[in-house]
Amino acid sequence: MGAITRAAANNFTTNGIILPAGINDASVASISQLENASTSGALTLISEQTASNDANIDFTSGIDSTYPIYKFEFINIHPASDLVTFEMELSTDGGSSWSVTKTSTVFLSYLSEGGAGASVFLGAGLSLEQTTGTQRLMENLGADNDQSLCGELFLFNPSSTTFVKQYIARTNSSQYEEYSNDYHINGYGNTTSAINAVRFQHSSGNIGSGTIKLYGISGS
Amino acid sequence: MSIALSIGNNLTTNGVFTASAVNNTSVTNVTDFASVVGGGNLKLLSTQTASASATIDFTSGIDGTYDTYVFKFINCHPATNDVNFQFNLSTDGGSSYNVTKTTTRFTALHSESDSPHASLQYESTRDLAQSTADKILLNGVGNGDDESCSGELILYNPSSTTFTKHFMARAVENRSDDTAEDAYGAGYANTTSAINAVRFLFGSGNIDEGIIKMYGVV
């Protein structure tokens, strides 16, 4: 007992503060929350949804004023059918309707496995000008077993009632005719109402499989 | 005795340490809060620092633990002037780096003197169409003392045995012709075998210095 006391005393400063030697990974194994830790710029996983032949994936909670930036991550989004787009919609009423007016730009680069394409250009047909139509994040997806889409979308300050709601996205996919497509999408929901829900879907058919994660970026 | 008194002041009557007992220094040796519910943070898996290295290989830590891996390369400086910075992938733990890839590449260029480069273009000589060659991240990196390249590479779900392996990169450099290059590369490794190693290298000559960090997105 005395030995333990002496050993413990060696692990404190003269002010009674625990020295590094007094705490290791085992010591903190039961800590489940770090309330006051500096988390500036850290990602917090808010929710994760895995598709299984779903018509759409909706995030209708967790998008509020808690975080200034929200990030969606797309992992192996696999459509049930060939030649479909992957799209995003925004809502100001918790998902009751998806009809936010948007203006956006899209540019893209692609190359086929056979070497065709090889270009970068403005996707004029994909850009939106004051329309409530869906924001296409990728076109012409392939539905072969090994084909999918990955990427990310950032939504800035969705709860603002002052500013329009800007978003930036980048996606890469296996196109149905064996192209690698690299899409860059930037725009804004032209509303000063708070955005509180986001929907992802294909232009037709179900999302066969895939995972979408919603993160909040704290302190950003 | 005085330490015991100080410790006593940092304990509640129930013997629980108060906030004054622990500060940031106290947890210097803690590397993992295993039970903290988090998510989305970049968990640093490994850091490698080049020192006249032919390659920098990540041959462990790439598995099914994370859906997304992020590599950040910081001030990678070539020993040889005007060389490409590139990467390749392995399905056999680094015994070979020859995975078939289809990738795009486009760049925005601007010369320090405003010419000859002030443009945005697709680079068809540096993309890959079903090729096992190294994927070029940056072209013509200069080896002047203050020249280097930096950027990030995102690799999605490398351990999948169902899907091809998508990646996206964006990087910047001081080119050997005193031009800023903003390079975008993306594509997929056309294999359903798990990717379990990644190699970074210059097209010729060593990586004189530089740091590459590998993170898992928790």
# chains A, B, ... in the order shown; residues from 1 in each chain; ligands from 1
call {"tool": "interface_residues", "arguments": {"of": "chain A", "to": "chain B", "cutoff": "6 Å", "atoms": "only C-alpha atoms", "output": "mmCIF file with C-alpha atoms, in the first residue's frame"}}
result
data_model
loop_
_atom_site.group_PDB
_atom_site.id
_atom_site.type_symbol
_atom_site.label_atom_id
_atom_site.label_comp_id
_atom_site.auth_asym_id
_atom_site.auth_seq_id
_atom_site.Cartn_x
_atom_site.Cartn_y
_atom_site.Cartn_z
ATOM 1 C CA THR A 14 3.700 19.584 -6.494
ATOM 2 C CA ASN A 15 0.397 21.327 -7.214
ATOM 3 C CA GLY A 16 -1.406 17.993 -7.319
ATOM 4 C CA ILE A 17 -1.873 17.913 -11.069
ATOM 5 C CA ILE A 18 -1.602 14.505 -12.686
ATOM 6 C CA LEU A 19 1.535 14.065 -14.775
ATOM 7 C CA PRO A 20 1.499 12.220 -18.129
ATOM 8 C CA ASN A 24 -2.604 6.227 -20.175
ATOM 9 C CA ASP A 25 -5.080 4.759 -22.643
ATOM 10 C CA ALA A 29 -11.110 3.719 -21.464
ATOM 11 C CA ILE A 31 -14.492 8.205 -20.948
ATOM 12 C CA SER A 32 -17.209 8.489 -23.553
ATOM 13 C CA GLN A 33 -17.424 12.217 -24.051
ATOM 14 C CA ALA A 42 -13.569 18.572 -36.355
ATOM 15 C CA LEU A 43 -16.159 16.450 -38.069
ATOM 16 C CA THR A 44 -18.963 15.024 -35.987
ATOM 17 C CA LEU A 45 -20.896 12.150 -37.464
ATOM 18 C CA TYR A 110 -14.178 12.421 -68.131
ATOM 19 C CA LEU A 111 -12.197 9.689 -69.794
ATOM 20 C CA GLU A 113 -11.442 3.080 -70.324
ATOM 21 C CA GLY A 114 -10.748 3.070 -74.056
ATOM 22 C CA GLY A 115 -9.274 6.585 -73.984
ATOM 23 C CA ALA A 118 -10.411 13.192 -72.352
ATOM 24 C CA SER A 119 -11.801 16.618 -71.700
ATOM 25 C CA VAL A 120 -12.898 19.149 -69.121
ATOM 26 C CA ASP A 146 -18.699 -3.192 -59.529
ATOM 27 C CA GLN A 147 -19.893 0.288 -60.551
ATOM 28 C CA SER A 180 -14.455 7.741 -65.190
#
call {"tool": "residues_around", "arguments": {"residues": "stretch 165-176 of chain A", "least_positions_apart": "6", "cutoff": "8 Å", "atoms": "only C-alpha atoms", "output": "ChimeraX atom specification"}}
result
/A:82-83,137-144,147-158,182-192,195 /B:166-168,186-188
call {"tool": "atom_distance", "arguments": {"atom1": "atom CA of B:Thr80", "atom2": "atom CA of B:Val172"}}
result
17.9 Å
call {"tool": "select_by_dssp", "arguments": {"residues": "stretch 11-184 of chain A", "states": "helix (DSSP H, G or I)", "output": "MDAnalysis selection string"}}
result
chainID A and resid 20:22 25:28
call {"tool": "residues_around", "arguments": {"residues": "stretch 123-130 of chain A", "least_positions_apart": "6", "cutoff": "7 Å", "atoms": "only C-alpha atoms", "output": "list in words"}}
result
Thr101, Lys102, Thr103, Ser104, Thr105, Val106, Phe107, Leu108 and Arg136 of chain A
call {"tool": "atom_distance", "arguments": {"atom1": "atom CA of A:Gly210", "atom2": "atom CA of A:Phe59"}}
result
14.8 Å
call {"tool": "atom_distance", "arguments": {"atom1": "atom CA of A:Gln201", "atom2": "atom CA of A:Asp54"}}
result
8.5 Å
call {"tool": "closest_residue", "arguments": {"among": "B:Asp134, B:Asp182, B:Glu147, B:Glu209", "to": "B:Asp82", "atoms": "only C-alpha atoms"}}
result
B:Glu147
call {"tool": "select_by_dssp", "arguments": {"residues": "stretch 113-206 of chain A", "states": "strand (DSSP E)", "output": "ChimeraX atom specification"}}
result
/A:117-122,135-141,149-156,165-174,179-189,197-202
call {"tool": "decode", "arguments": {"residues": "stretch 104-118 of chain A", "atoms": "all heavy atoms", "output": "PDB file, in the first residue's frame"}}
result
ATOM      1  N   SER A 104     -26.837  27.229 -60.075  1.00  0.00           N
ATOM      2  CA  SER A 104     -25.597  26.470 -59.858  1.00  0.00           C
ATOM      3  C   SER A 104     -24.766  26.386 -61.128  1.00  0.00           C
ATOM      4  O   SER A 104     -25.247  26.652 -62.235  1.00  0.00           O
ATOM      5  CB  SER A 104     -25.931  25.051 -59.378  1.00  0.00           C
ATOM      6  OG  SER A 104     -26.604  24.339 -60.394  1.00  0.00           O
ATOM      7  N   THR A 105     -23.506  26.023 -60.936  1.00  0.00           N
ATOM      8  CA  THR A 105     -22.627  25.720 -62.064  1.00  0.00           C
ATOM      9  C   THR A 105     -22.108  24.297 -61.896  1.00  0.00           C
ATOM     10  O   THR A 105     -21.971  23.805 -60.773  1.00  0.00           O
ATOM     11  CB  THR A 105     -21.408  26.658 -62.123  1.00  0.00           C
ATOM     12  OG1 THR A 105     -20.618  26.454 -60.939  1.00  0.00           O
ATOM     13  CG2 THR A 105     -21.831  28.101 -62.181  1.00  0.00           C
ATOM     14  N   VAL A 106     -21.840  23.676 -63.004  1.00  0.00           N
ATOM     15  CA  VAL A 106     -21.271  22.331 -62.989  1.00  0.00           C
ATOM     16  C   VAL A 106     -20.182  22.275 -64.052  1.00  0.00           C
ATOM     17  O   VAL A 106     -20.399  22.717 -65.182  1.00  0.00           O
ATOM     18  CB  VAL A 106     -22.334  21.248 -63.296  1.00  0.00           C
ATOM     19  CG1 VAL A 106     -21.706  19.862 -63.306  1.00  0.00           C
ATOM     20  CG2 VAL A 106     -23.483  21.312 -62.288  1.00  0.00           C
ATOM     21  N   PHE A 107     -19.016  21.788 -63.686  1.00  0.00           N
ATOM     22  CA  PHE A 107     -18.032  21.449 -64.709  1.00  0.00           C
ATOM     23  C   PHE A 107     -17.531  20.048 -64.446  1.00  0.00           C
ATOM     24  O   PHE A 107     -17.613  19.538 -63.320  1.00  0.00           O
ATOM     25  CB  PHE A 107     -16.892  22.472 -64.795  1.00  0.00           C
ATOM     26  CG  PHE A 107     -15.975  22.517 -63.603  1.00  0.00           C
ATOM     27  CD1 PHE A 107     -14.794  21.774 -63.572  1.00  0.00           C
ATOM     28  CD2 PHE A 107     -16.269  23.307 -62.510  1.00  0.00           C
ATOM     29  CE1 PHE A 107     -13.935  21.829 -62.489  1.00  0.00           C
ATOM     30  CE2 PHE A 107     -15.417  23.366 -61.408  1.00  0.00           C
ATOM     31  CZ  PHE A 107     -14.250  22.625 -61.396  1.00  0.00           C
ATOM     32  N   LEU A 108     -17.072  19.420 -65.499  1.00  0.00           N
ATOM     33  CA  LEU A 108     -16.756  18.003 -65.369  1.00  0.00           C
ATOM     34  C   LEU A 108     -15.612  17.600 -66.281  1.00  0.00           C
ATOM     35  O   LEU A 108     -15.298  18.281 -67.255  1.00  0.00           O
ATOM     36  CB  LEU A 108     -17.987  17.159 -65.689  1.00  0.00           C
ATOM     37  CG  LEU A 108     -18.592  17.361 -67.071  1.00  0.00           C
ATOM     38  CD1 LEU A 108     -18.635  16.033 -67.818  1.00  0.00           C
ATOM     39  CD2 LEU A 108     -20.005  17.927 -66.930  1.00  0.00           C
ATOM     40  N   SER A 109     -15.039  16.484 -65.918  1.00  0.00           N
ATOM     41  CA  SER A 109     -13.956  15.901 -66.706  1.00  0.00           C
ATOM     42  C   SER A 109     -14.245  14.418 -66.836  1.00  0.00           C
ATOM     43  O   SER A 109     -14.761  13.806 -65.892  1.00  0.00           O
ATOM     44  CB  SER A 109     -12.627  16.130 -65.985  1.00  0.00           C
ATOM     45  OG  SER A 109     -11.569  15.531 -66.688  1.00  0.00           O
ATOM     46  N   TYR A 110     -13.956  13.861 -68.011  1.00  0.00           N
ATOM     47  CA  TYR A 110     -14.178  12.421 -68.131  1.00  0.00           C
ATOM     48  C   TYR A 110     -13.211  11.777 -69.102  1.00  0.00           C
ATOM     49  O   TYR A 110     -12.617  12.429 -69.965  1.00  0.00           O
ATOM     50  CB  TYR A 110     -15.632  12.083 -68.464  1.00  0.00           C
ATOM     51  CG  TYR A 110     -16.173  12.582 -69.792  1.00  0.00           C
ATOM     52  CD1 TYR A 110     -15.552  12.321 -70.997  1.00  0.00           C
ATOM     53  CD2 TYR A 110     -17.373  13.297 -69.822  1.00  0.00           C
ATOM     54  CE1 TYR A 110     -16.083  12.741 -72.191  1.00  0.00           C
ATOM     55  CE2 TYR A 110     -17.914  13.729 -71.014  1.00  0.00           C
ATOM     56  CZ  TYR A 110     -17.254  13.451 -72.197  1.00  0.00           C
ATOM     57  OH  TYR A 110     -17.779  13.887 -73.382  1.00  0.00           O
ATOM     58  N   LEU A 111     -13.065  10.500 -68.932  1.00  0.00           N
ATOM     59  CA  LEU A 111     -12.197   9.689 -69.794  1.00  0.00           C
ATOM     60  C   LEU A 111     -12.733   8.276 -69.770  1.00  0.00           C
ATOM     61  O   LEU A 111     -13.053   7.738 -68.712  1.00  0.00           O
ATOM     62  CB  LEU A 111     -10.756   9.689 -69.273  1.00  0.00           C
ATOM     63  CG  LEU A 111      -9.763   8.825 -70.054  1.00  0.00           C
ATOM     64  CD1 LEU A 111      -9.450   9.466 -71.418  1.00  0.00           C
ATOM     65  CD2 LEU A 111      -8.479   8.616 -69.273  1.00  0.00           C
ATOM     66  N   SER A 112     -12.806   7.658 -70.955  1.00  0.00           N
ATOM     67  CA  SER A 112     -13.285   6.273 -71.005  1.00  0.00           C
ATOM     68  C   SER A 112     -12.122   5.315 -70.807  1.00  0.00           C
ATOM     69  O   SER A 112     -10.955   5.670 -70.981  1.00  0.00           O
ATOM     70  CB  SER A 112     -13.957   5.985 -72.348  1.00  0.00           C
ATOM     71  OG  SER A 112     -12.983   5.714 -73.336  1.00  0.00           O
ATOM     72  N   GLU A 113     -12.478   4.102 -70.473  1.00  0.00           N
ATOM     73  CA  GLU A 113     -11.442   3.080 -70.324  1.00  0.00           C
ATOM     74  C   GLU A 113     -10.724   2.840 -71.644  1.00  0.00           C
ATOM     75  O   GLU A 113      -9.589   2.369 -71.658  1.00  0.00           O
ATOM     76  CB  GLU A 113     -12.070   1.794 -69.781  1.00  0.00           C
ATOM     77  CG  GLU A 113     -12.588   1.952 -68.357  1.00  0.00           C
ATOM     78  CD  GLU A 113     -13.202   0.679 -67.795  1.00  0.00           C
ATOM     79  OE1 GLU A 113     -13.156  -0.369 -68.473  1.00  0.00           O
ATOM     80  OE2 GLU A 113     -13.743   0.738 -66.669  1.00  0.00           O
ATOM     81  N   GLY A 114     -11.382   3.197 -72.745  1.00  0.00           N
ATOM     82  CA  GLY A 114     -10.748   3.070 -74.056  1.00  0.00           C
ATOM     83  C   GLY A 114     -10.010   4.323 -74.500  1.00  0.00           C
ATOM     84  O   GLY A 114      -9.464   4.374 -75.604  1.00  0.00           O
ATOM     85  N   GLY A 115     -10.019   5.364 -73.666  1.00  0.00           N
ATOM     86  CA  GLY A 115      -9.274   6.585 -73.984  1.00  0.00           C
ATOM     87  C   GLY A 115     -10.100   7.685 -74.618  1.00  0.00           C
ATOM     88  O   GLY A 115      -9.562   8.748 -74.950  1.00  0.00           O
ATOM     89  N   ALA A 116     -11.393   7.466 -74.794  1.00  0.00           N
ATOM     90  CA  ALA A 116     -12.244   8.493 -75.396  1.00  0.00           C
ATOM     91  C   ALA A 116     -12.632   9.540 -74.363  1.00  0.00           C
ATOM     92  O   ALA A 116     -12.518   9.315 -73.169  1.00  0.00           O
ATOM     93  CB  ALA A 116     -13.494   7.856 -75.998  1.00  0.00           C
ATOM     94  N   GLY A 117     -13.118  10.654 -74.858  1.00  0.00           N
ATOM     95  CA  GLY A 117     -13.523  11.742 -73.961  1.00  0.00           C
ATOM     96  C   GLY A 117     -12.366  12.674 -73.719  1.00  0.00           C
ATOM     97  O   GLY A 117     -12.105  13.579 -74.500  1.00  0.00           O
ATOM     98  N   ALA A 118     -11.634  12.430 -72.655  1.00  0.00           N
ATOM     99  CA  ALA A 118     -10.411  13.192 -72.352  1.00  0.00           C
ATOM    100  C   ALA A 118     -10.633  14.681 -72.436  1.00  0.00           C
ATOM    101  O   ALA A 118     -10.010  15.384 -73.240  1.00  0.00           O
ATOM    102  CB  ALA A 118      -9.276  12.749 -73.285  1.00  0.00           C
TER     103      ALA A 118
END
